[in-house]
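Visitor: The structure follows.
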Amino acid sequence: MPWDWDKLEKQKAGRGGNPPQMDEILSKFKGFKGKFPGLWLIVGAIIIIIILFSSFYTIGVNEVGVIQRFGKYVRTTSPGLHFKLPRGIEKLTKVKVRLVYKEEFGLRTIRAGVRSQYARSTEYLNESLMLTGDLNVAVVPWIVQYRIKDPYKYLFKVRNVKSTLRDLTESTMRMIVGDRSINEVISKREEIADQAKVLLQKELDEAETGINVVTIEMKKTNVPEPVQPSFNEVNQAIQEKERMIYQAREEYNKAIPAAKGNAEKTIKAAEGYALDRVNRAKGDAARFLSLYAEYSKARDVTRRRIYLETLKDLFPRLGSKYIIDADQKNVLPLLNLGKEKGAEK
């Protein structure tokens, strides 16, 4: 039923511009209700349906429900069918606590899969450009994967959880990279990732973000493109230096053990010779003492035996021997002793 605006204007003019009273408005609504009684039943049914649909809700297996009553946190519900007060009194917020979220730094995923493709541009370079401990510049892209472990803290303790997470992650990574050399940053990515995960989790817990870091994945770390040729030359020089050092150590390991072995061999030979000489000297001395003891007991017999033994050793070395009787006055001329020796020559 449309309002009679002319009549309303007249009433307003007659009352000095005052709006219609509440009883007049109610009387008009009562007249409207009397003309359309079924409409109010439809409106009531719709309101009841809305209340019922807003009161019953279902929570999935990988999420929880956070209930607020007039904006204040009341409870957290587990997966399943639940009841709450209608909309406007209690508000439901579903939080996926088993889903793994990720934040990328220095890159963005173009296509995920077994061989994922990533986009790197100058827009993301500022996130991954860092200064190392030896004053070199490195490009360090990485990915943080996390879950929501405390929905209450995640929703109500921090105003912008995602921004806080990115700021804390970037500051943590820059601090760790700043304590290492460029070679360590390139070659020890897993060690850096593990250290960053522990330190980042500590920072997130102190900030009461309600986030649990699952893993930090370090992507290929390198130096900026303008300095890559110079960096490669430096690496080649370092590798050449290490190769020469390795060769020198190899030669050292070959020569030094051989020299030590020869020295040990010479020392052992000298010790053996010294031991042999000492033992032989002791044996000769013992033999001489035993001979002297026997000589002291029977000097004539011992003297004769020593004389005979000496001749026995000496005669075989003399060659041809001629024994002439000392009483023989005339030597037979047939012997011709001098010529016989000359003939042998």
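Residues are named by chain letter and number: chains run A, B, ... in the order of the structure tokens, numbers start at 1 in each chain, and ligands are numbered from 1 in the order shown.
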Report as JSON, numbers by chain: the residues of region 32-216 of chain A with a DSSP assignment of strand (DSSP E), based on the backbone of this structure.
Guide: {"A": [56, 57, 58, 59, 63, 64, 65, 66, 67, 68, 69, 72, 73, 74, 75, 76, 77, 80, 81, 82, 83, 90, 91, 92, 93, 94, 95, 96, 101, 102, 103, 104, 105, 108, 109, 110, 111, 117, 118, 119, 129, 130, 131, 137, 138, 139, 142, 143, 144, 145, 146, 147, 148, 211, 212, 213, 214, 215, 216]}
Visitor: Separation of CA of Val234 (chain A) and CA of Asn126 (chain A), in Å?
Guide: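 A separation of 25.1 Å between them.
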Visitor: Neighbours of region 160-170 of chain A within 7 Å (only C-alpha atoms; same-chain residues fewer than 5 positions away dropped), as a count of residues only?
Guide: 3
Visitor: Taking only C-alpha atoms into account, name the residue in A:Gly71, A:Pro141, A:Gly88, A:Gly283 that is nearest to Arg174 (chain A).
Guide: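 Nearest candidate to Arg174 (chain A) out of A:Gly71, A:Pro141, A:Gly88, A:Gly283: A:Pro141.
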Visitor: List the spatial neighbours of region 177-182 of chain A as number ranges by chain - criterion: any atom at most 7 Å away, only C-alpha atoms, same-chain residues fewer than 2 positions off excluded.
Guide: A: 131-134, 136, 138, 173-175, 184-186
Visitor: To one decimal place in Å, what is the distance between CA of Val95 (chain A) and CA of Asn62 (chain A)?
Guide: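 Distance between the two atoms: 8.6 Å.
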Visitor: Please list as a PDB file with N, CA and C atoms, in the first residue's frame every residue within 12 Å of Glu225 (chain A), counting only C-alpha atoms and excluding residues in the same chain fewer than 3 positions away.
Guide:
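part.pdb, freshly written:
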```
ATOM      1  N   SER A 121      62.016 -12.416 -11.394  1.00  0.00           N
ATOM      2  CA  SER A 121      62.073 -11.113 -12.052  1.00  0.00           C
ATOM      3  C   SER A 121      62.647 -10.104 -11.086  1.00  0.00           C
ATOM      4  N   THR A 122      62.893  -8.905 -11.600  1.00  0.00           N
ATOM      5  CA  THR A 122      63.431  -7.838 -10.749  1.00  0.00           C
ATOM      6  C   THR A 122      62.446  -7.452  -9.650  1.00  0.00           C
ATOM      7  N   LEU A 125      63.397  -9.702  -6.937  1.00  0.00           N
ATOM      8  CA  LEU A 125      64.827  -9.747  -6.623  1.00  0.00           C
ATOM      9  C   LEU A 125      65.131  -9.114  -5.278  1.00  0.00           C
ATOM     10  N   LEU A 129      67.807 -10.737  -2.589  1.00  0.00           N
ATOM     11  CA  LEU A 129      69.143 -10.143  -2.684  1.00  0.00           C
ATOM     12  C   LEU A 129      69.669  -9.861  -1.280  1.00  0.00           C
ATOM     13  N   VAL A 137      77.523 -10.330  -2.457  1.00  0.00           N
ATOM     14  CA  VAL A 137      76.085 -10.250  -2.692  1.00  0.00           C
ATOM     15  C   VAL A 137      75.609 -11.569  -3.266  1.00  0.00           C
ATOM     16  N   ALA A 138      74.543 -12.118  -2.685  1.00  0.00           N
ATOM     17  CA  ALA A 138      74.008 -13.398  -3.128  1.00  0.00           C
ATOM     18  C   ALA A 138      72.512 -13.269  -3.378  1.00  0.00           C
ATOM     19  N   VAL A 139      72.034 -14.054  -4.338  1.00  0.00           N
ATOM     20  CA  VAL A 139      70.603 -14.162  -4.621  1.00  0.00           C
ATOM     21  C   VAL A 139      70.119 -15.466  -3.998  1.00  0.00           C
ATOM     22  N   THR A 221      70.940 -21.145  -5.192  1.00  0.00           N
ATOM     23  CA  THR A 221      71.543 -19.885  -4.752  1.00  0.00           C
ATOM     24  C   THR A 221      72.703 -19.516  -5.668  1.00  0.00           C
ATOM     25  N   ASN A 222      72.786 -18.256  -6.016  1.00  0.00           N
ATOM     26  CA  ASN A 222      73.837 -17.810  -6.919  1.00  0.00           C
ATOM     27  C   ASN A 222      74.133 -16.347  -6.636  1.00  0.00           C
ATOM     28  N   GLN A 228      78.376 -12.684 -12.286  1.00  0.00           N
ATOM     29  CA  GLN A 228      78.587 -14.117 -12.415  1.00  0.00           C
ATOM     30  C   GLN A 228      79.873 -14.484 -13.150  1.00  0.00           C
ATOM     31  N   PRO A 229      80.238 -13.815 -14.281  1.00  0.00           N
ATOM     32  CA  PRO A 229      81.510 -14.177 -14.939  1.00  0.00           C
ATOM     33  C   PRO A 229      82.718 -14.007 -14.027  1.00  0.00           C
ATOM     34  N   SER A 230      82.774 -12.898 -13.310  1.00  0.00           N
ATOM     35  CA  SER A 230      83.911 -12.683 -12.399  1.00  0.00           C
ATOM     36  C   SER A 230      83.901 -13.700 -11.274  1.00  0.00           C
ATOM     37  N   PHE A 231      82.716 -14.000 -10.778  1.00  0.00           N
ATOM     38  CA  PHE A 231      82.617 -14.989  -9.706  1.00  0.00           C
ATOM     39  C   PHE A 231      83.060 -16.360 -10.186  1.00  0.00           C
ATOM     40  N   ASN A 232      82.712 -16.724 -11.422  1.00  0.00           N
ATOM     41  CA  ASN A 232      83.135 -18.009 -11.968  1.00  0.00           C
ATOM     42  C   ASN A 232      84.653 -18.067 -12.118  1.00  0.00           C
TER      43      ASN A 232
END
```
Visitor: Please identify all polymer residues within 9 Å of Ile216 (chain A), counting only C-alpha atoms, omitting same-chain residues fewer than 2 positions from it, and present them as a PyMOL selection string.
Guide: chain A and resi 142-146+190+193-194+196-197+213-214+218
Visitor: Write the residues you've just listed into a file as a compact mmCIF listing (two decimals), in the first residue's frame, and include C-alpha atoms for each of them.
Guide:
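Output (out03.txt):
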```
# COMPACT_ATOMS: atom_id res chain seq x y z
CA TRP A 142 63.46 -19.91 -0.80
CA ILE A 143 59.99 -21.26 0.02
CA VAL A 144 58.38 -21.53 3.46
CA GLN A 145 55.68 -24.16 4.05
CA TYR A 146 53.56 -23.89 7.19
CA GLU A 190 70.22 -27.61 3.65
CA ALA A 193 67.35 -24.12 5.81
CA ASP A 194 67.39 -26.19 9.00
CA ALA A 196 66.34 -20.88 9.56
CA LYS A 197 63.42 -23.18 10.37
CA VAL A 213 56.69 -24.09 10.14
CA VAL A 214 56.68 -27.40 8.26
CA MET A 218 66.19 -23.38 -0.35
```
Visitor: Rounded to one decimal, what separation in Å do you get between CA of Lys96 (chain A) and CA of Pro79 (chain A)?
Guide: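 So the two atoms, CA of Lys96 (chain A) and CA of Pro79 (chain A), lie 10.6 Å apart.
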Visitor: I need the residue nearest Glu104 (chain A) from this list: A:Ile48, A:Gln201, A:Glu217, A:Thr310. Use only C-alpha atoms for the distance.
Guide: A:Glu217
Visitor: Choose the residue, out of A:Val301, A:Gln239, A:Pro86, A:Pro226, that has the smallest atom-to-atom separation from Phe70 (chain A); count only C-alpha atoms.
Guide: A:Pro86
Visitor: I need the residues of region 65-163 of chain A that end up classed as helix (DSSP H, G or I) by DSSP on the backbone, written out as a list in words.
Guide: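 Helix (DSSP H, G or I) members of region 65-163 of chain A, listed: Thr122, Glu123, Tyr124, Leu125, Asn126, Glu127, Ser128, Pro151, Tyr152, Lys153, Tyr154, Leu155, Phe156, Val161, Lys162 and Ser163 of chain A.
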Visitor: I'd like to know which of A:Glu203, A:Arg69, A:Leu289, A:Lys219 is closest to Ser187 (chain A), using only C-alpha atoms.
Guide: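 Closest to Ser187 (chain A), using only C-alpha atoms: A:Lys219.
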